[in-house]
Amino acid sequence: MTLYEVAVAAPVFGSLTYAQPADLTISLPVGVRVLVPLRNRFITGYILAALPSPPDLPYQIKPIFERLDPAPLFPEQLIPFFRWLADYYHYPLGEVIQTALPSGLRAGSGHEIILTELGHQQLPSALTSLKNRVAWMDRLLAQGRLLPGTVKTIRTKPALQTLLRTWQAEGWININEVIVAPKVKEKTETVVRLENELQEYLALPQNYQAAAEEGPGETLLPSSPLVEGLKKSERKTLDLFFQHCKGRPTLPRAELTRQYSGAGKALHRLAASGLISLAEQRVYRDPFGKVPPFFPKPKSLTPEQDQAIGTLKEALDTNGFQPFLLHGVTGCGKTEVYLQATEYCLNKGKSVLVLVPEIALSSQLEGHFYSRFGDTLAILHSGISRGERFDQWQRILQEKVRIVIGARSAVFAPLAEPGLIIVDEEHEAAYKQDDGLRYNGRDMAVLRAKFADCPVLLASATPSVTSFYHAEQGKYRLLSMTKRVLDQVMPKVSIIDLREKKRAQKNAFFSNQLLTAVQENLANQQQSLLFVNRRGYAAFMLCRDCGYILQCRHCKVSLTHHQGANRLLCHYCGYSTAPNLVCPDCGSSSVIGLGVGSERIEQEVRQLFPSAGVARLDSDTTRDRKAYLRILDQVRNHEVDILVGTQMVAKGLHFPAMTLVGIVWADSGLGIPDYKAAERSYQLLAQVTGRAGRGQYPGRVIIQTHQPQHYVIEFAQSHAYTKLYRQELALRQALTYPPFGRLVNIRFSGKQEEEVKKTAHATAAFFRSVIAAHTTTYNQVEILGPAPAPLSLIRQHFRWQLLLKSSIPKFLHQLCDLLLKEKRISYGKGVRIAIDVDPENML
């Protein structure tokens, strides 16, 4: 009996053992999905290994129910990586793999409801007397069945479950278990292929060229007895084929039917005569939408670029794991280092993985790589459709591409042997996944490089404090680039103290200095960027009579006014309502919007500079990839004079004509209750500052702030990353925060606040009892809390958290393992517990 180790897509830690299906005679390869029984249902599993046949067992091992894939979905080399992730983040192994794979590939079992003949007769009268009649009941009557998606929703409500059981007992319905198939499938198209002499004729270049020179409208058919008796529609269809095939023996059927409405029937007759054949062929969905912009190769390199590339080439020649940190100022040409290192790696027959923190950054980087390497490139991120992502995954698996670019999830790309891994803007918190498997894409890139035994390059103008500390300690090898390309100077930064109220007009958002600078830029036909770290029109709505701030009914956060949509919107759960509200606290209608957002700044700019071309780049104006690329093209083509944006414009973008950056309000991140608040504020200011002066003209930056004396503002003005690093390092060492200690945040959430609170306190008591019983082992573990999270209510779920801190990471992991195994904790009803190792977001 052949056995298999299977990881199931369920909250099951470790793996399970299943037997070979009875109807399969060949072994199942590692990496394929299977459907397996678990308790009273079927779920997706992943083959991890074939196991040796054991001696006779006292129990029966269940067989695999069905194989789901013709070929593996991930290479065997990724399995140790998946196991490490599951152990480190304390997450079920099968759900780790499910997270890694493209969405829509999960199969399982569900239930459908079929209305019986007796039900057709009895249910209408029963529904007439039913008080709580709902839409699905009428749909059941009309259609005679309900699909698994609807049934799953119904069965979550106890009262409806009881009703269904009653109807089933009466014989009115049958509830059947069914297999729910994956949602993503291969895309195919019908192709037309020439047969016999026509294909032989086309295969001769001189014949095709002579025919093609006849031009559109003229017959391109070769002289052959095979075509002499064809009907007019058939000859026209073949003419179209020769006009569009460009020497290829095949052509998509859709190309012909689009050109000529009679082509459909003509093709079937041609196929019946044997002149052509029609076949289904797989096609890959195009994720680019349009060809990315072209970026030429520079004529020369700076000495610092040349030195960094040379060091990376040496590392690639040694074929071993080496982590590098590239600290290069904005505009120093880090992208060219990526490109030349990639080219060298490809020439050695290896593949390259490139990570970016956000979709917005991937678009420009895609352009650089596409310009240099063409369509040997695949992209993986949430900005492409589910089908496109599935196709990109398949292209990587089948080794049709050798470069993968994507956001954090691209760290799971099924490259069998990556030769180089690059992490752009390595400092970004966006590399951390905030739900489900809470992994950090940057850290996992380093781990993946270690498993692949290849170099990994982390790069940033403002490295994370932890990464720079690793470089100082020798864990990473530091590469420094201190100068911009073409001898461009760093922009001059001016600080405007908003406390002095030196503004152009009362209640305006711009100082006189900033308005004058924008006007000068317009006169000089240069571009300006105005940055504000909030989207929307007004940050919050305030009652002038009682001071009440309108909050989301599902979250304990203020509602943001979006004037374009004429809605008040919660940025956490998506709840929205009309803005014409009375105060829910005092009943007053004197509710006004205060605070500043990108939409408000755009409106103010359009009023102040009516003749200027203005665009806004934030998540409201770039709902899809096409909108984002369109705005970038407008800026690149100088159709935009003033660009207003949020964090989306702060990094990675290169516009040579942009010489002025205005930071409307620099204080938004300084007061956040998080030990990384100062570091992140500096990084954001330094990155957006770096958008200025990247062309032939020097840049200037104006920072408006209420805290000009804050060390973050002072260091941002002088481009003093090293000073910021030293300041933060001293503060963290005193408090044993990373890099001197490690953190695990235990998060509790549920709809009943008392139950959440009870579970948080019970968990804290459990940890403290363990530490008290093993003081010599765990005396270096500190427990902070429990306490309500700063954002204590999100999506109608109350949130508490408990922070574990220690300079010895293994102790934290041991405590997490004990928590997962502990059965005596008094958990509250409906409370969910999540373990967040190395948390980035403490809100």
# chains A, B, ... in the order shown; residues from 1 in each chain; ligands from 1
$ residues_around --residues "A:Arg258" --least-positions-apart "6" --cutoff "12 Å" --atoms "only C-alpha atoms" --output "PyMOL selection string"
chain A and resi 237+240-241+244+252+264
$ select_by_dssp --residues "stretch 596-718 of chain A" --states "alpha helix (DSSP H)" --output "NGL selection string"
:A and (598-608 or 625-636 or 677-689 or 711-717)
$ residues_around --residues "A:Leu550" --least-positions-apart "3" --cutoff "7 Å" --atoms "only C-alpha atoms" --output "ChimeraX atom specification"
/A:541-542,558-559
$ write_last_selection --atoms "all heavy atoms" --output "PDB file, in the first residue's frame"
ATOM      1  N   MET A 541     -15.138  64.465  10.753  1.00  0.00           N
ATOM      2  CA  MET A 541     -16.311  65.339  10.804  1.00  0.00           C
ATOM      3  C   MET A 541     -16.584  65.691  12.263  1.00  0.00           C
ATOM      4  O   MET A 541     -16.750  64.808  13.108  1.00  0.00           O
ATOM      5  CB  MET A 541     -17.523  64.643  10.185  1.00  0.00           C
ATOM      6  CG  MET A 541     -17.305  64.157   8.756  1.00  0.00           C
ATOM      7  SD  MET A 541     -16.985  65.488   7.581  1.00  0.00           S
ATOM      8  CE  MET A 541     -18.606  66.264   7.509  1.00  0.00           C
ATOM      9  N   LEU A 542     -16.652  67.002  12.547  1.00  0.00           N
ATOM     10  CA  LEU A 542     -16.767  67.494  13.916  1.00  0.00           C
ATOM     11  C   LEU A 542     -18.045  68.304  14.089  1.00  0.00           C
ATOM     12  O   LEU A 542     -18.393  69.123  13.222  1.00  0.00           O
ATOM     13  CB  LEU A 542     -15.559  68.373  14.241  1.00  0.00           C
ATOM     14  CG  LEU A 542     -15.578  69.098  15.587  1.00  0.00           C
ATOM     15  CD1 LEU A 542     -15.245  68.121  16.705  1.00  0.00           C
ATOM     16  CD2 LEU A 542     -14.593  70.268  15.587  1.00  0.00           C
ATOM     17  N   SER A 558     -12.733  57.545  13.171  1.00  0.00           N
ATOM     18  CA  SER A 558     -13.498  58.634  12.569  1.00  0.00           C
ATOM     19  C   SER A 558     -13.767  58.354  11.098  1.00  0.00           C
ATOM     20  O   SER A 558     -12.981  57.684  10.421  1.00  0.00           O
ATOM     21  CB  SER A 558     -12.752  59.957  12.723  1.00  0.00           C
ATOM     22  OG  SER A 558     -11.477  59.879  12.118  1.00  0.00           O
ATOM     23  N   LEU A 559     -14.872  58.885  10.615  1.00  0.00           N
ATOM     24  CA  LEU A 559     -15.232  58.770   9.205  1.00  0.00           C
ATOM     25  C   LEU A 559     -14.535  59.869   8.408  1.00  0.00           C
ATOM     26  O   LEU A 559     -14.415  61.007   8.867  1.00  0.00           O
ATOM     27  CB  LEU A 559     -16.745  58.885   9.028  1.00  0.00           C
ATOM     28  CG  LEU A 559     -17.568  57.733   9.599  1.00  0.00           C
ATOM     29  CD1 LEU A 559     -19.059  58.099   9.597  1.00  0.00           C
ATOM     30  CD2 LEU A 559     -17.354  56.459   8.814  1.00  0.00           C
TER      31      LEU A 559
END
$ residues_around --residues "stretch 486-491 of chain A" --least-positions-apart "6" --cutoff "7 Å" --atoms "only C-alpha atoms" --output "PyMOL selection string"
chain A and resi 692-694+698-701
$ write_last_selection --atoms "N, CA, C and O atoms" --output "mmCIF file, in the first residue's frame"
data_model
loop_
_atom_site.group_PDB
_atom_site.id
_atom_site.type_symbol
_atom_site.label_atom_id
_atom_site.label_comp_id
_atom_site.auth_asym_id
_atom_site.auth_seq_id
_atom_site.Cartn_x
_atom_site.Cartn_y
_atom_site.Cartn_z
ATOM 1 N N ALA A 692 12.512 64.916 -5.770
ATOM 2 C CA ALA A 692 12.857 66.221 -6.346
ATOM 3 C C ALA A 692 14.280 66.215 -6.891
ATOM 4 O O ALA A 692 15.191 65.610 -6.323
ATOM 5 N N GLY A 693 14.451 66.926 -8.014
ATOM 6 C CA GLY A 693 15.787 67.171 -8.548
ATOM 7 C C GLY A 693 16.475 65.960 -9.126
ATOM 8 O O GLY A 693 17.693 65.810 -8.977
ATOM 9 N N ARG A 694 15.748 65.114 -9.844
ATOM 10 C CA ARG A 694 16.344 63.910 -10.418
ATOM 11 C C ARG A 694 16.670 64.088 -11.904
ATOM 12 O O ARG A 694 16.977 63.120 -12.592
ATOM 13 N N PRO A 698 18.328 71.359 -10.252
ATOM 14 C CA PRO A 698 18.347 70.969 -8.843
ATOM 15 C C PRO A 698 16.942 71.012 -8.245
ATOM 16 O O PRO A 698 16.061 71.732 -8.724
ATOM 17 N N GLY A 699 16.749 70.233 -7.192
ATOM 18 C CA GLY A 699 15.441 70.160 -6.558
ATOM 19 C C GLY A 699 15.405 70.904 -5.238
ATOM 20 O O GLY A 699 16.438 71.207 -4.632
ATOM 21 N N ARG A 700 14.183 71.204 -4.806
ATOM 22 C CA ARG A 700 13.988 71.827 -3.501
ATOM 23 C C ARG A 700 12.749 71.231 -2.859
ATOM 24 O O ARG A 700 11.803 70.812 -3.546
ATOM 25 N N VAL A 701 12.765 71.211 -1.551
ATOM 26 C CA VAL A 701 11.684 70.604 -0.781
ATOM 27 C C VAL A 701 11.255 71.575 0.309
ATOM 28 O O VAL A 701 12.107 72.200 0.963
#
$ residues_around --residues "A:Tyr260" --least-positions-apart "2" --cutoff "12 Å" --atoms "only C-alpha atoms" --output "MDAnalysis selection string"
chainID A and resid 233:241 253:258 262:267
$ select_by_dssp --residues "stretch 634-805 of chain A" --states "strand (DSSP E or B)" --output "PyMOL selection string"
chain A and resi 642-645+658-663+700-705+742-750+781-794+797-805
$ residues_around --residues "A:Cys586" --least-positions-apart "5" --cutoff "9 Å" --atoms "only C-alpha atoms" --output "mmCIF file with N, CA and C atoms, in the first residue's frame"
data_model
loop_
_atom_site.group_PDB
_atom_site.id
_atom_site.type_symbol
_atom_site.label_atom_id
_atom_site.label_comp_id
_atom_site.auth_asym_id
_atom_site.auth_seq_id
_atom_site.Cartn_x
_atom_site.Cartn_y
_atom_site.Cartn_z
ATOM 1 N N CYS A 543 -18.742 68.053 15.202
ATOM 2 C CA CYS A 543 -19.899 68.883 15.557
ATOM 3 C C CYS A 543 -19.383 70.147 16.251
ATOM 4 N N ASP A 545 -21.059 72.326 17.817
ATOM 5 C CA ASP A 545 -21.794 72.658 19.035
ATOM 6 C C ASP A 545 -21.335 71.867 20.248
ATOM 7 N N CYS A 546 -21.078 70.554 20.072
ATOM 8 C CA CYS A 546 -20.706 69.739 21.234
ATOM 9 C C CYS A 546 -19.324 69.104 21.125
ATOM 10 N N TYR A 548 -18.412 66.566 19.230
ATOM 11 C CA TYR A 548 -18.439 65.129 18.918
ATOM 12 C C TYR A 548 -17.843 64.885 17.529
#
$ residues_around --residues "stretch 526-529 of chain A" --least-positions-apart "6" --cutoff "8 Å" --atoms "only C-alpha atoms" --output "list in words"
Val518, His638, Val640, Asp641, Ile642, Leu643, Val644, Gly645, Ala657, Met658, Thr659, Leu660, Val661 and Gly662 of chain A
$ write_last_selection --atoms "C-alpha atoms" --output "compact mmCIF listing (two decimals), in the first residue's frame"
# COMPACT_ATOMS: atom_id res chain seq x y z
CA VAL A 518 4.77 76.34 -6.94
CA HIS A 638 4.35 66.63 -18.94
CA VAL A 640 0.60 67.34 -15.44
CA ASP A 641 2.21 70.36 -13.80
CA ILE A 642 1.22 69.63 -10.21
CA LEU A 643 0.85 66.10 -8.88
CA VAL A 644 -0.98 65.62 -5.57
CA GLY A 645 -0.45 62.28 -3.88
CA ALA A 657 11.19 67.48 -14.61
CA MET A 658 9.93 67.36 -11.01
CA THR A 659 12.00 69.93 -9.13
CA LEU A 660 9.72 70.87 -6.21
CA VAL A 661 8.24 68.71 -3.46
CA GLY A 662 5.87 70.27 -0.95
$ closest_residue --among "A:Gly14, A:Pro708, A:Gly171, A:Pro37" --to "A:Ile495" --atoms "only C-alpha atoms"
A:Pro708
$ closest_residue --among "A:Gln814, A:Gln364, A:Thr156, A:Asn174" --to "A:Gly119" --atoms "only C-alpha atoms"
A:Asn174
